[in-house]
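Written below as structure tokens is the structure these notes are about.
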Amino acid sequence: MTAPAAPALPARYRVTGRLMETHDTVTLDLRPVDRPIPLHQPGQFTMLYAPGVGEVPVSISGTGPDQVLVQTVRAVGAVTRALCACAPGRMIGVRGPYGTDWDVARAAGGDLLIVAGGIGLAPLRGALQAALAQRDRYRRVVVLIGARSPTELIFVRDLG
């Protein structure tokens, strides 16, 4: 069975939440205005479009209630700086999902080790959330994360 094709044109999504993770990294909650993109799996990414600036690939960092798409973006160029500056109410474009997912369920019955550094935790967050949602399917779930300094850690509110 083949996955449905991702749309060629971006779907409009409204920024409904914005959380500063670090001095240069923001997590955006995005709610579809148009038909939402197809459901994604942990490990996939989208193409985010900042109107008038451009488009960049960004790993999906989670899903919220009512089709909220969660994307974590680090400001490193013109497009990502524009996305990080988006306040709630702002409209952006989303295409995807793209890429191969991580089959977390395949680890069922065994240990699950997730290792990430810095912004690399963003695409793994969905895999970790999926594993924790069905915690009884795994023996041990171990997460090892690193960053340049404690102030560079993302998702601190989830790690406590």
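Chain lettering (A, B, ...) mirrors the order of the structure tokens, residue numbering begins at 1 for each chain separately, and ligand numbering begins at 1 in order of display.
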
Report task. Find the residues near Val104 in chain A: any atom within 9 Å, counting only C-alpha atoms, skip ones fewer than 4 places away on the same chain, and give them as a PyMOL selection string. Result -> chain A and resi 42+108+112+127-128+130-131

Contacts between range 79-98 of chain A and range 22-74 of chain A, please, where a residue of range 22-74 of chain A counts if it comes within 7 Å (with only C-alpha atoms); show its shortest atom pair and distance in Å to one decimal, rows by chain and ascending number, as a tab-separated table.
```
residue	atom	partner	partner_atom	distance
A:Val26	CA	A:Cys84	CA	5.7
A:Ile37	CA	A:Gly96	CA	6.3
A:Pro38	CA	A:Pro97	CA	6.8
A:His40	CA	A:Pro97	CA	5.8
A:Gln44	CA	A:Tyr98	CA	5.6
A:Phe45	CA	A:Tyr98	CA	5.3
A:Thr46	CA	A:Gly96	CA	4.7
A:Met47	CA	A:Arg95	CA	5.1
A:Leu48	CA	A:Val94	CA	4.8
A:Tyr49	CA	A:Gly93	CA	4.6
A:Ala50	CA	A:Ile92	CA	5.5
A:Pro51	CA	A:Ile92	CA	6.4
A:Val53	CA	A:Val79	CA	5.8
A:Gly54	CA	A:Val79	CA	5.7
A:Glu55	CA	A:Val79	CA	6.5
A:Val56	CA	A:Val79	CA	6.9
A:Val73	CA	A:Cys84	CA	6.5
A:Arg74	CA	A:Thr80	CA	6.5
```

Query raised in the report: Closest to Gly146 in chain A among A:Ala122, A:Leu132, A:Leu28, A:Val115, using only C-alpha atoms?
Result: A:Val115

Surrounding residues of Ile145 in chain A excluding itself and chain neighbours under 3 positions, 12 Å, only C-alpha atoms, as a tab-separated table (two decimals) with C-alpha atoms, in the first residue's frame:
```tsv
chain	number	residue	atom	x	y	z
A	113	LEU	CA	17.04	3.87	23.39
A	114	ILE	CA	16.64	7.41	22.05
A	115	VAL	CA	19.81	9.50	21.69
A	116	ALA	CA	19.78	13.14	20.56
A	117	GLY	CA	21.70	16.37	20.80
A	118	GLY	CA	20.40	19.93	20.58
A	119	ILE	CA	17.73	20.48	17.94
A	120	GLY	CA	18.09	16.77	17.04
A	121	LEU	CA	15.62	16.01	19.82
A	122	ALA	CA	12.80	17.68	17.85
A	124	LEU	CA	12.65	12.23	18.06
A	125	ARG	CA	10.03	13.80	20.32
A	142	VAL	CA	15.94	5.36	27.89
A	148	ARG	CA	26.14	22.82	24.45
A	149	SER	CA	24.83	24.06	27.80
A	150	PRO	CA	21.72	23.59	29.96
A	152	GLU	CA	20.36	25.08	24.99
A	153	LEU	CA	18.12	22.14	25.99
A	154	ILE	CA	14.76	22.05	24.23
A	155	PHE	CA	11.52	20.59	25.64
A	156	VAL	CA	12.70	21.23	29.22
A	159	LEU	CA	11.84	16.42	30.69
```

Report task. Write out as a PyMOL selection string all residues of range 25-131 of chain A that backbone DSSP assigns to strand (DSSP E). Result -> chain A and resi 25-32+45-50+54-63+69-74+91-98+112-117

Query raised in the report: as number ranges by chain, which residues of chain A does DSSP assign to helix (DSSP H, G or I)?
Result: A: 78-84, 104-107, 118-133, 135-137, 150-152, 156-159

Query - Minimum-distance residue to Thr22 in chain A, chosen among A:Pro65, A:Ala107, A:Thr151, A:Asp34 (using only C-alpha atoms) - result: A:Thr151

Report task. Rounded to one decimal place, report the CA of Trp102 in chain A-CA of Pro10 in chain A distance in Å. Result -> 24.2 Å

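Using only C-alpha atoms, the shortest contact distance between Leu39 in chain A and any of A:Gly109, A:Gln134, A:Ile60, A:Val143 is found at A:Ile60.
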
Query raised in the report: Which is closer to Ser61 in chain A than all the others in A:Ala75, A:Arg18, A:Tyr138, A:Gln41, using only C-alpha atoms?
Result: A:Gln41

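Separating CA of Gly64 in chain A from CA of Leu144 in chain A is a distance of 23.9 Å.
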
Report task. Find the spatial neighbours of Gly110 in chain A, counting only C-alpha atoms, within a cut-off of 10 Å - ignore same-chain residues fewer than 4 positions away - and output them as a PyMOL selection string. Result -> chain A and resi 106+137-141
